[in-house]
$ cat final12.txt   # compact mmCIF, C-alpha atoms and all ligand atoms
# COMPACT_ATOMS: atom_id res chain seq x y z
CA MET Q 877 -23.68 16.03 -3.44
CA SER Q 878 -20.41 17.79 -4.32
CA ARG Q 879 -18.37 16.87 -7.39
CA PHE Q 880 -15.69 15.47 -5.06
CA GLU Q 881 -18.25 13.24 -3.36
CA GLU Q 882 -19.49 12.07 -6.76
CA MET Q 883 -15.95 11.11 -7.77
CA SER Q 884 -15.35 9.42 -4.42
CA LEU Q 885 -18.50 7.33 -4.91
CA LEU Q 886 -17.50 6.36 -8.45
CA LEU Q 887 -14.16 5.18 -7.05
CA GLN Q 888 -15.82 3.21 -4.25
CA ARG Q 889 -18.07 1.52 -6.82
CA GLY Q 890 -15.09 0.78 -9.08
CA LYS Q 891 -16.50 2.76 -12.02
CA ALA Q 892 -13.10 3.30 -13.60
CA LYS Q 893 -14.21 4.79 -16.93
CA ASP Q 894 -16.79 7.17 -15.43
CA LEU Q 895 -14.35 8.25 -12.74
CA THR Q 896 -11.56 8.88 -15.23
CA ALA Q 897 -13.93 10.88 -17.46
CA MET Q 898 -15.06 12.98 -14.49
CA VAL Q 899 -11.48 13.62 -13.33
CA THR Q 900 -10.60 14.71 -16.88
CA GLU Q 901 -13.61 17.03 -16.95
CA GLU Q 902 -12.79 18.54 -13.55
CA LEU Q 903 -9.19 19.18 -14.60
CA ALA Q 904 -10.46 20.91 -17.75
CA ASN Q 905 -12.75 23.04 -15.54
CA GLY Q 906 -9.71 24.18 -13.58
CA THR Q 907 -10.25 22.17 -10.38
CA SER Q 908 -6.97 21.74 -8.50
CA PRO Q 909 -5.42 18.29 -9.08
CA LYS Q 910 -4.35 18.21 -5.43
CA GLU Q 911 -7.95 18.69 -4.32
CA ILE Q 912 -9.14 15.95 -6.68
CA LEU Q 913 -6.47 13.64 -5.24
CA ASN Q 914 -7.20 14.39 -1.58
CA ASN Q 915 -10.94 15.10 -1.54
CA ALA Q 916 -12.07 12.53 -4.11
CA LEU Q 917 -9.55 9.72 -4.70
CA ILE Q 918 -7.81 9.37 -1.34
CA ALA Q 919 -11.09 10.07 0.46
CA GLY Q 920 -12.79 7.33 -1.58
CA MET Q 921 -10.01 4.78 -0.95
CA SER Q 922 -10.16 5.55 2.73
CA VAL Q 923 -13.89 4.72 2.79
CA VAL Q 924 -13.14 1.45 0.97
CA GLY Q 925 -10.39 0.70 3.52
CA ASP Q 926 -12.70 1.30 6.47
CA LYS Q 927 -15.42 -0.90 4.96
CA PHE Q 928 -12.83 -3.62 4.23
CA LYS Q 929 -11.74 -3.56 7.88
CA ARG Q 930 -15.35 -3.93 9.01
CA ASN Q 931 -15.93 -6.79 6.54
CA GLU Q 932 -18.54 -4.73 4.70
CA VAL Q 933 -16.62 -5.17 1.42
CA PHE Q 934 -14.19 -7.92 0.39
CA VAL Q 935 -11.04 -8.44 -1.70
CA PRO Q 936 -12.75 -8.20 -5.15
CA GLU Q 937 -14.39 -4.83 -4.31
CA VAL Q 938 -11.07 -3.45 -3.04
CA LEU Q 939 -9.27 -4.61 -6.20
CA ILE Q 940 -11.93 -3.02 -8.41
CA ALA Q 941 -11.79 0.27 -6.48
CA ALA Q 942 -7.98 0.23 -6.67
CA ARG Q 943 -8.16 -0.33 -10.43
CA ALA Q 944 -10.45 2.69 -10.76
CA MET Q 945 -8.03 4.73 -8.67
CA ASN Q 946 -5.08 3.68 -10.83
CA MET Q 947 -6.91 4.59 -14.04
CA ALA Q 948 -7.91 7.99 -12.65
CA LEU Q 949 -4.32 8.56 -11.52
CA THR Q 950 -3.05 8.12 -15.06
CA VAL Q 951 -4.87 11.32 -16.06
CA LEU Q 952 -4.23 13.07 -12.75
CA LYS Q 953 -0.50 12.38 -12.44
CA PRO Q 954 0.73 14.75 -15.19
CA ALA Q 955 -1.41 17.55 -13.72
CA LEU Q 956 -0.09 16.81 -10.23
CA ALA Q 957 3.49 16.94 -11.50
CA ASP Q 958 2.80 20.24 -13.32
CA SER Q 959 1.38 21.76 -10.15
CA GLY Q 960 4.38 20.60 -8.10
CA VAL Q 961 2.53 18.07 -5.92
CA GLU Q 962 5.01 15.50 -4.66
CA PRO Q 963 4.27 12.13 -3.03
CA ILE Q 964 4.33 12.50 0.78
CA GLY Q 965 6.93 9.73 1.07
CA THR Q 966 8.30 6.54 -0.46
CA ALA Q 967 7.66 2.94 0.54
CA ILE Q 968 9.31 -0.26 -0.65
CA ILE Q 969 7.06 -3.32 -0.62
CA CYS Q 970 7.61 -7.01 -1.31
CA THR Q 971 6.80 -10.55 -0.31
CA VAL Q 972 9.94 -11.99 1.26
CA LYS Q 973 12.31 -14.62 -0.12
CA GLY Q 974 10.82 -18.09 -0.50
CA ASP Q 975 7.25 -16.80 -0.57
CA LEU Q 976 5.14 -16.43 -3.72
CA HIS Q 977 1.88 -15.19 -2.19
CA ASP Q 978 1.13 -11.71 -3.50
CA ILE Q 979 -2.60 -11.03 -3.23
CA GLY Q 980 -2.39 -9.51 0.25
CA LYS Q 981 0.83 -7.67 -0.61
CA ASN Q 982 -0.83 -6.15 -3.68
CA LEU Q 983 -3.79 -5.00 -1.59
CA VAL Q 984 -1.46 -3.39 0.94
CA LYS Q 985 0.38 -1.70 -1.91
CA MET Q 986 -2.79 -0.29 -3.44
CA MET Q 987 -4.13 0.97 -0.14
CA ILE Q 988 -0.83 2.67 0.72
CA GLU Q 989 -0.70 4.24 -2.74
CA GLY Q 990 -4.20 5.48 -2.03
CA THR Q 991 -2.80 7.67 0.76
CA GLY Q 992 -0.46 9.60 -1.55
CA ILE Q 993 2.71 7.63 -0.75
CA LYS Q 994 4.84 6.44 -3.68
CA VAL Q 995 5.20 2.65 -3.51
CA VAL Q 996 8.03 0.74 -5.19
CA ASP Q 997 6.97 -2.90 -5.59
CA LEU Q 998 9.83 -5.43 -5.60
CA GLY Q 999 7.45 -8.33 -6.20
CA VAL Q 1000 7.59 -11.76 -4.56
CA ASP Q 1001 10.42 -14.05 -3.41
CA CYS Q 1002 12.49 -10.99 -2.64
CA PRO Q 1003 15.96 -11.41 -1.09
CA ALA Q 1004 17.27 -9.05 1.60
CA GLU Q 1005 20.04 -7.67 -0.64
CA LYS Q 1006 17.52 -6.46 -3.18
CA ILE Q 1007 15.56 -4.67 -0.43
CA VAL Q 1008 18.70 -2.99 0.91
CA GLU Q 1009 19.63 -1.80 -2.58
CA ALA Q 1010 16.11 -0.47 -3.16
CA ILE Q 1011 16.15 1.50 0.12
CA LYS Q 1012 19.29 3.27 -1.13
CA GLU Q 1013 18.14 3.70 -4.72
CA TYR Q 1014 14.71 5.13 -3.88
CA ASN Q 1015 15.65 6.86 -0.63
CA ALA Q 1016 12.80 4.97 1.01
CA ASP Q 1017 11.07 6.01 4.23
CA ILE Q 1018 9.22 2.73 4.90
CA VAL Q 1019 9.91 -0.92 4.11
CA CYS Q 1020 6.81 -3.14 3.96
CA LEU Q 1021 7.36 -6.89 4.23
CA SER Q 1022 4.69 -9.49 3.61
CA ALA Q 1023 4.92 -13.21 4.45
CA LEU Q 1024 2.16 -15.83 4.27
CA LEU Q 1025 4.05 -18.93 5.34
CA THR Q 1026 5.23 -19.85 8.83
CA THR Q 1027 8.53 -20.80 7.19
CA THR Q 1028 9.05 -17.48 5.35
CA MET Q 1029 7.89 -15.16 8.13
CA MET Q 1030 11.25 -15.88 9.81
CA TYR Q 1031 12.98 -14.28 6.81
CA GLN Q 1032 11.51 -10.92 7.83
CA LYS Q 1033 14.04 -11.03 10.69
CA ASP Q 1034 16.89 -11.66 8.21
CA VAL Q 1035 15.77 -8.59 6.24
CA ILE Q 1036 15.83 -6.44 9.38
CA GLU Q 1037 19.35 -7.73 10.18
CA ALA Q 1038 20.52 -6.96 6.63
CA ILE Q 1039 19.11 -3.43 6.88
CA LYS Q 1040 20.97 -2.99 10.20
CA GLU Q 1041 24.22 -4.31 8.71
CA ALA Q 1042 23.90 -1.86 5.81
CA GLY Q 1043 23.68 0.99 8.37
CA LEU Q 1044 20.18 1.92 7.21
CA ARG Q 1045 18.10 0.90 10.25
CA ASP Q 1046 17.68 4.47 11.56
CA LYS Q 1047 16.67 5.71 8.16
CA VAL Q 1048 13.60 3.53 7.57
CA LYS Q 1049 10.54 2.34 9.43
CA ILE Q 1050 9.87 -1.37 8.95
CA MET Q 1051 6.29 -2.64 8.75
CA ILE Q 1052 5.51 -6.35 8.62
CA GLY Q 1053 2.34 -8.31 8.01
CA GLY Q 1054 0.75 -11.41 6.54
CA ALA Q 1055 -1.58 -14.08 7.93
CA PRO Q 1056 0.85 -15.85 10.33
CA VAL Q 1057 2.46 -12.63 11.60
CA THR Q 1058 1.50 -11.16 14.99
CA GLN Q 1059 2.33 -8.10 17.08
CA GLN Q 1060 4.33 -10.36 19.40
CA PHE Q 1061 6.42 -11.65 16.50
CA ALA Q 1062 6.98 -8.10 15.25
CA ASP Q 1063 8.25 -7.12 18.72
CA GLU Q 1064 10.51 -10.16 18.87
CA ILE Q 1065 12.23 -9.44 15.55
CA GLY Q 1066 12.44 -5.67 16.06
CA ALA Q 1067 10.00 -4.44 13.41
CA ASP Q 1068 8.58 -0.97 13.99
CA ILE Q 1069 4.99 -1.65 12.95
CA TYR Q 1070 2.74 -4.66 12.66
CA THR Q 1071 -0.63 -4.33 10.95
CA PRO Q 1072 -3.18 -7.11 10.45
CA ASP Q 1073 -4.77 -5.84 7.23
CA ALA Q 1074 -4.27 -3.57 4.23
CA ALA Q 1075 -6.41 -0.72 5.51
CA SER Q 1076 -4.53 -0.53 8.84
CA ALA Q 1077 -1.23 -0.72 6.93
CA ALA Q 1078 -2.25 2.33 4.89
CA GLU Q 1079 -3.41 4.21 7.99
CA ARG Q 1080 -0.18 3.56 9.89
CA ALA Q 1081 1.98 4.40 6.86
CA ARG Q 1082 0.15 7.68 6.33
CA ALA Q 1083 0.40 8.51 10.06
CA LEU Q 1084 4.20 8.42 9.79
CA PHE Q 1085 4.03 11.60 7.68
CA ASN Q 1086 1.48 13.54 9.73
CO1 LIG F 1101 -0.72 -20.89 -0.29
N1 LIG F 1101 -0.73 -21.28 1.64
N2 LIG F 1101 0.79 -22.09 -0.53
N3 LIG F 1101 -0.94 -20.50 -2.16
N4 LIG F 1101 -2.34 -20.05 0.17
C1 LIG F 1101 -1.66 -20.54 2.46
C2 LIG F 1101 -1.02 -19.27 3.00
C3 LIG F 1101 -2.00 -21.61 3.59
C4 LIG F 1101 -2.45 -20.98 4.91
C5 LIG F 1101 -3.03 -22.61 3.03
C6 LIG F 1101 -3.35 -23.72 4.01
O1 LIG F 1101 -2.60 -24.66 4.14
N5 LIG F 1101 -4.46 -23.62 4.71
C7 LIG F 1101 -0.64 -22.38 3.69
C8 LIG F 1101 0.36 -21.83 4.69
C9 LIG F 1101 0.51 -22.70 5.90
C10 LIG F 1101 1.52 -22.16 6.83
O2 LIG F 1101 2.58 -21.73 6.51
N6 LIG F 1101 1.15 -22.19 8.08
C11 LIG F 1101 -0.15 -22.31 2.26
C12 LIG F 1101 0.78 -23.19 1.68
C13 LIG F 1101 1.25 -24.33 2.57
C14 LIG F 1101 1.26 -23.05 0.37
C15 LIG F 1101 2.28 -23.93 -0.36
C16 LIG F 1101 3.49 -24.37 0.47
C17 LIG F 1101 1.49 -25.12 -0.92
C18 LIG F 1101 2.34 -26.16 -1.59
O3 LIG F 1101 2.88 -25.92 -2.62
N7 LIG F 1101 2.46 -27.30 -0.91
C19 LIG F 1101 2.70 -23.04 -1.55
C20 LIG F 1101 3.89 -22.16 -1.20
C21 LIG F 1101 4.40 -21.38 -2.39
C22 LIG F 1101 5.38 -20.34 -1.95
O4 LIG F 1101 4.97 -19.27 -1.57
N8 LIG F 1101 6.65 -20.69 -1.98
C23 LIG F 1101 1.48 -22.21 -1.72
C24 LIG F 1101 1.07 -21.68 -2.93
C25 LIG F 1101 -0.07 -20.94 -3.14
C26 LIG F 1101 -0.56 -20.48 -4.52
C27 LIG F 1101 0.57 -20.10 -5.47
C28 LIG F 1101 -1.35 -21.62 -5.10
C29 LIG F 1101 -1.55 -19.32 -4.12
C30 LIG F 1101 -0.89 -17.92 -4.12
C31 LIG F 1101 -1.27 -17.09 -5.33
C32 LIG F 1101 -0.83 -15.67 -5.18
O5 LIG F 1101 -0.69 -15.12 -4.09
N9 LIG F 1101 -0.60 -15.05 -6.32
C33 LIG F 1101 -1.89 -19.67 -2.69
C34 LIG F 1101 -3.01 -19.17 -1.99
C35 LIG F 1101 -3.99 -18.35 -2.80
C36 LIG F 1101 -3.21 -19.39 -0.61
C37 LIG F 1101 -4.43 -19.02 0.24
C38 LIG F 1101 -5.55 -19.97 -0.16
C39 LIG F 1101 -4.94 -17.60 0.14
C40 LIG F 1101 -3.90 -16.53 0.41
C41 LIG F 1101 -4.50 -15.18 0.06
O6 LIG F 1101 -4.22 -14.64 -0.99
N10 LIG F 1101 -5.39 -14.66 0.92
C42 LIG F 1101 -3.88 -19.29 1.71
C43 LIG F 1101 -4.96 -19.84 2.65
C44 LIG F 1101 -5.79 -18.75 3.26
O7 LIG F 1101 -5.28 -17.70 3.60
N11 LIG F 1101 -7.02 -19.02 3.44
C45 LIG F 1101 -2.67 -20.08 1.47
C46 LIG F 1101 -6.12 -13.41 0.68
C47 LIG F 1101 -5.26 -12.21 1.07
C48 LIG F 1101 -6.04 -10.92 0.84
O8 LIG F 1101 -4.97 -12.33 2.44
O9 LIG F 1101 -2.50 -12.62 2.01
O10 LIG F 1101 -3.48 -12.88 4.36
P1 LIG F 1101 -3.49 -12.22 3.02
O11 LIG F 1101 -3.29 -10.66 3.23
C49 LIG F 1101 -4.02 -9.92 4.18
C50 LIG F 1101 -3.33 -9.81 5.54
O12 LIG F 1101 -2.54 -10.93 5.86
C51 LIG F 1101 -2.58 -8.53 5.46
O13 LIG F 1101 -3.36 -7.72 4.60
C52 LIG F 1101 -4.01 -8.52 3.62
C53 LIG F 1101 -5.39 -7.98 3.33
O14 LIG F 1101 -5.95 -7.26 4.35
N12 LIG F 1101 -1.21 -8.47 4.96
C54 LIG F 1101 -0.40 -7.47 5.38
C55 LIG F 1101 -0.56 -9.20 4.07
N13 LIG F 1101 0.67 -8.73 3.89
C56 LIG F 1101 0.80 -7.66 4.69
C57 LIG F 1101 1.86 -6.77 4.88
C58 LIG F 1101 1.68 -5.72 5.79
C59 LIG F 1101 0.50 -5.57 6.48
C60 LIG F 1101 -0.56 -6.42 6.29
O15 LIG F 1101 2.64 -4.80 6.04
C61 LIG F 1101 3.77 -4.75 5.27

$ encode --input "final12.txt" --output "structure tokens"
Amino acid sequence: MSRFEEMSLLLQRGKAKDLTAMVTEELANGTSPKEILNNALIAGMSVVGDKFKRNEVFVPEVLIAARAMNMALTVLKPALADSGVEPIGTAIICTVKGDLHDIGKNLVKMMIEGTGIKVVDLGVDCPAEKIVEAIKEYNADIVCLSALLTTTMMYQKDVIEAIKEAGLRDKVKIMIGGAPVTQQFADEIGADIYTPDAASAAERARALFN
């Protein structure tokens, strides 16, 4: 098994300390931080995402793997910055106004981060104005909206209207999701992408930059 595969497995098993130690060791040995990111961390998260989609692992395993990834990234990030590796794009994510559910949103965030996209998290109960401001401030490429209530899913439409009114609609792709949301609803309100789960959200976000 290669060192990358070993690190990928540690990530999949959520072994945060062992993974971080191994990433530190590899960096000291001169392994490229970009290769560690792509061949070990992103590769590992992508396996977790696929298993999550097939119901072979569940929310706790994904959260534990994501925690391991975040810890490893704390040692990798300075090396990535030194070697000039930039995120492939920027996403804004939030749960929309009136809605406090954030477990699914956090999973989507972690999986998207796992693809090398920078994610700015605006939290829950997020009004349209705040999203519009964030698109400008962070020069975002994608806006990711989560809603878990049949009442708040309608607010995703208000956000799209606000983005249009601000003249930013052509600048960003809008992805929506959450338990009551469907492809048909996404088409009706003019969202660009609907995804049913966190792994698909990460796949579709990444595909925008291929
Ligand atoms: Co609430 N709640 N809740 N709740 N809650 C639901 C959603 C509900 C279905 C329960 C029920 O009645 N059976 C129901 C909604 C009914 C409806 O609208 N049709 C409901 C209700 C009614 C309420 C309150 C109104 C209850 C009350 O106070 N009377 C209230 C509303 C508060 C508010 O938001 N204003 C409320 C409150 C809460 C808690 C605070 C107690 C808690 C939230 C804690 C938290 O999130 N920090 C809570 C919880 C935990 C749930 C349930 C039990 C679980 C939700 C969850 O986290 N699922 C839920 C019932 C259920 O789903 N079984 C329920 C796990 C999570 C991983 O899945 O969020 O669906 P999910 O995310 C998935 C996908 O949907 C997708 O990917 C994720 C993972 O693959 N996804 C995206 C999500 N966002 C995406 C975005 C994307 C793409 C994919 O692109 C951008």

$ residues_around --input "final12.txt" --residues "Arg1082 in chain Q" --least-positions-apart "3" --cutoff "9 Å" --atoms "only C-alpha atoms" --output "JSON, numbers by chain"
{"Q": [964, 965, 988, 991, 992, 993, 1077, 1078, 1079, 1085, 1086]}

$ write_last_selection --input "final12.txt" --atoms "C-alpha atoms" --output "CSV table (one decimal), keeping the file's coordinate frame"
chain,number,residue,atom,x,y,z
Q,964,ILE,CA,4.3,12.5,0.8
Q,965,GLY,CA,6.9,9.7,1.1
Q,988,ILE,CA,-0.8,2.7,0.7
Q,991,THR,CA,-2.8,7.7,0.8
Q,992,GLY,CA,-0.5,9.6,-1.6
Q,993,ILE,CA,2.7,7.6,-0.8
Q,1077,ALA,CA,-1.2,-0.7,6.9
Q,1078,ALA,CA,-2.2,2.3,4.9
Q,1079,GLU,CA,-3.4,4.2,8.0
Q,1085,PHE,CA,4.0,11.6,7.7
Q,1086,ASN,CA,1.5,13.5,9.7

$ residues_around --input "final12.txt" --residues "Lys891 in chain Q" --least-positions-apart "3" --cutoff "10 Å" --atoms "only C-alpha atoms" --output "PDB file with C-alpha atoms, keeping the file's coordinate frame"
ATOM      1  CA  MET Q 883     -15.950  11.110  -7.770  1.00  0.00           C
ATOM      2  CA  LEU Q 885     -18.500   7.330  -4.910  1.00  0.00           C
ATOM      3  CA  LEU Q 886     -17.500   6.360  -8.450  1.00  0.00           C
ATOM      4  CA  LEU Q 887     -14.160   5.180  -7.050  1.00  0.00           C
ATOM      5  CA  GLN Q 888     -15.820   3.210  -4.250  1.00  0.00           C
ATOM      6  CA  ASP Q 894     -16.790   7.170 -15.430  1.00  0.00           C
ATOM      7  CA  LEU Q 895     -14.350   8.250 -12.740  1.00  0.00           C
ATOM      8  CA  THR Q 896     -11.560   8.880 -15.230  1.00  0.00           C
ATOM      9  CA  ILE Q 940     -11.930  -3.020  -8.410  1.00  0.00           C
ATOM     10  CA  ALA Q 941     -11.790   0.270  -6.480  1.00  0.00           C
ATOM     11  CA  ARG Q 943      -8.160  -0.330 -10.430  1.00  0.00           C
ATOM     12  CA  ALA Q 944     -10.450   2.690 -10.760  1.00  0.00           C
ATOM     13  CA  MET Q 945      -8.030   4.730  -8.670  1.00  0.00           C
ATOM     14  CA  MET Q 947      -6.910   4.590 -14.040  1.00  0.00           C
TER      15      MET Q 947
END

$ residues_near_point --input "final12.txt" --point "(-3.8, 11.9, -17.6)" --cutoff "9 Å" --atoms "all atoms listed in the file" --output "list in words"
Thr896, Val899, Thr900, Met947, Ala948, Leu949, Thr950, Val951, Leu952, Lys953, Pro954 and Ala955 of chain Q

$ write_last_selection --input "final12.txt" --atoms "C-alpha atoms" --output "PDB file, keeping the file's coordinate frame"
ATOM      1  CA  THR Q 896     -11.560   8.880 -15.230  1.00  0.00           C
ATOM      2  CA  VAL Q 899     -11.480  13.620 -13.330  1.00  0.00           C
ATOM      3  CA  THR Q 900     -10.600  14.710 -16.880  1.00  0.00           C
ATOM      4  CA  MET Q 947      -6.910   4.590 -14.040  1.00  0.00           C
ATOM      5  CA  ALA Q 948      -7.910   7.990 -12.650  1.00  0.00           C
ATOM      6  CA  LEU Q 949      -4.320   8.560 -11.520  1.00  0.00           C
ATOM      7  CA  THR Q 950      -3.050   8.120 -15.060  1.00  0.00           C
ATOM      8  CA  VAL Q 951      -4.870  11.320 -16.060  1.00  0.00           C
ATOM      9  CA  LEU Q 952      -4.230  13.070 -12.750  1.00  0.00           C
ATOM     10  CA  LYS Q 953      -0.500  12.380 -12.440  1.00  0.00           C
ATOM     11  CA  PRO Q 954       0.730  14.750 -15.190  1.00  0.00           C
ATOM     12  CA  ALA Q 955      -1.410  17.550 -13.720  1.00  0.00           C
TER      13      ALA Q 955
END

$ residues_near_ligand --input "final12.txt" --ligand "ligand LIG 1101 (chain F)" --cutoff "6 Å" --atoms "all atoms listed in the file" --output "list in words"
Gly974, Asp975, Leu976, His977, Asp978, Ile979, Gly980, Lys981, Leu983, Val984, Cys1020, Leu1021, Ser1022, Leu1024, Leu1025, Thr1026, Met1051, Ile1052, Gly1053, Gly1054, Ala1055, Thr1071, Pro1072, Asp1073, Ala1074 and Ala1077 of chain Q

$ closest_atom_pairs --input "final12.txt" --of "range 906-1001 of chain Q" --to "range 1034-1049 of chain Q" --cutoff "12 Å" --atoms "all atoms listed in the file" --output "JSON lines"
{"residue": "Q:Gly965", "atom": "CA", "partner": "Q:Val1048", "partner_atom": "CA", "distance": 11.2}
{"residue": "Q:Thr966", "atom": "CA", "partner": "Q:Val1048", "partner_atom": "CA", "distance": 10.1}
{"residue": "Q:Ala967", "atom": "CA", "partner": "Q:Val1048", "partner_atom": "CA", "distance": 9.2}
{"residue": "Q:Ile968", "atom": "CA", "partner": "Q:Val1048", "partner_atom": "CA", "distance": 10.0}
{"residue": "Q:Cys970", "atom": "CA", "partner": "Q:Val1035", "partner_atom": "CA", "distance": 11.2}
{"residue": "Q:Thr971", "atom": "CA", "partner": "Q:Val1035", "partner_atom": "CA", "distance": 11.3}
{"residue": "Q:Val972", "atom": "CA", "partner": "Q:Val1035", "partner_atom": "CA", "distance": 8.4}
{"residue": "Q:Lys973", "atom": "CA", "partner": "Q:Val1035", "partner_atom": "CA", "distance": 9.4}

$ closest_residue --input "final12.txt" --among "Q:Gly990, Q:Glu1064, Q:Ala1010, Q:Pro963" --to "Val923 in chain Q" --atoms "only C-alpha atoms"
Q:Gly990

$ closest_residue --input "final12.txt" --among "Q:Val938, Q:Gly960, Q:Asn1015, Q:Glu901" --to "Asn982 in chain Q" --atoms "only C-alpha atoms"
Q:Val938

$ closest_residue --input "final12.txt" --among "Q:Ala942, Q:Gly925, Q:Ile912, Q:Ala1023" --to "Ala892 in chain Q" --atoms "all atoms listed in the file"
Q:Ala942

$ closest_residue --input "final12.txt" --among "Q:Ala957, Q:Ala1081, Q:Leu913, Q:Met1030" --to "Ile1065 in chain Q" --atoms "all atoms listed in the file"
Q:Met1030

$ atom_distance --input "final12.txt" --atom1 "CA of Lys893 in chain Q" --atom2 "CA of Thr907 in chain Q"
19.0 Å

$ residues_around --input "final12.txt" --residues "Ser884 in chain Q" --least-positions-apart "5" --cutoff "8 Å" --atoms "all atoms listed in the file" --output "list of chain:residue names"
Q:Asn915, Q:Ala916, Q:Leu917, Q:Ala919, Q:Gly920, Q:Met921

$ decode --input "final12.txt" --residues "range 915-946 of chain Q" --atoms "C-alpha atoms" --output "tab-separated table (two decimals), in the first residue's frame"
chain	number	residue	atom	x	y	z
Q	915	ASN	CA	-4.06	11.72	-3.58
Q	916	ALA	CA	-4.69	11.20	0.14
Q	917	LEU	CA	-7.20	13.66	1.64
Q	918	ILE	CA	-9.53	14.43	-1.27
Q	919	ALA	CA	-9.28	10.83	-2.46
Q	920	GLY	CA	-10.22	9.61	1.04
Q	921	MET	CA	-13.19	12.00	1.35
Q	922	SER	CA	-14.41	10.92	-2.04
Q	923	VAL	CA	-14.45	7.27	-0.89
Q	924	VAL	CA	-16.39	8.32	2.22
Q	925	GLY	CA	-18.83	10.27	-0.01
Q	926	ASP	CA	-19.43	7.28	-2.27
Q	927	LYS	CA	-20.01	4.97	0.69
Q	928	PHE	CA	-22.39	7.53	2.25
Q	929	LYS	CA	-24.40	7.62	-0.98
Q	930	ARG	CA	-24.64	3.82	-0.98
Q	931	ASN	CA	-25.67	3.78	2.71
Q	932	GLU	CA	-22.52	1.86	3.61
Q	933	VAL	CA	-21.55	4.55	6.14
Q	934	PHE	CA	-23.77	7.05	7.99
Q	935	VAL	CA	-23.70	10.61	9.35
Q	936	PRO	CA	-21.41	9.89	12.37
Q	937	GLU	CA	-18.72	8.24	10.18
Q	938	VAL	CA	-18.82	11.16	7.74
Q	939	LEU	CA	-18.50	13.68	10.59
Q	940	ILE	CA	-15.55	11.78	12.06
Q	941	ALA	CA	-13.80	11.55	8.67
Q	942	ALA	CA	-14.42	15.26	8.08
Q	943	ARG	CA	-12.93	16.07	11.49
Q	944	ALA	CA	-9.81	14.09	10.57
Q	945	MET	CA	-9.62	15.95	7.28
Q	946	ASN	CA	-9.93	19.32	9.02
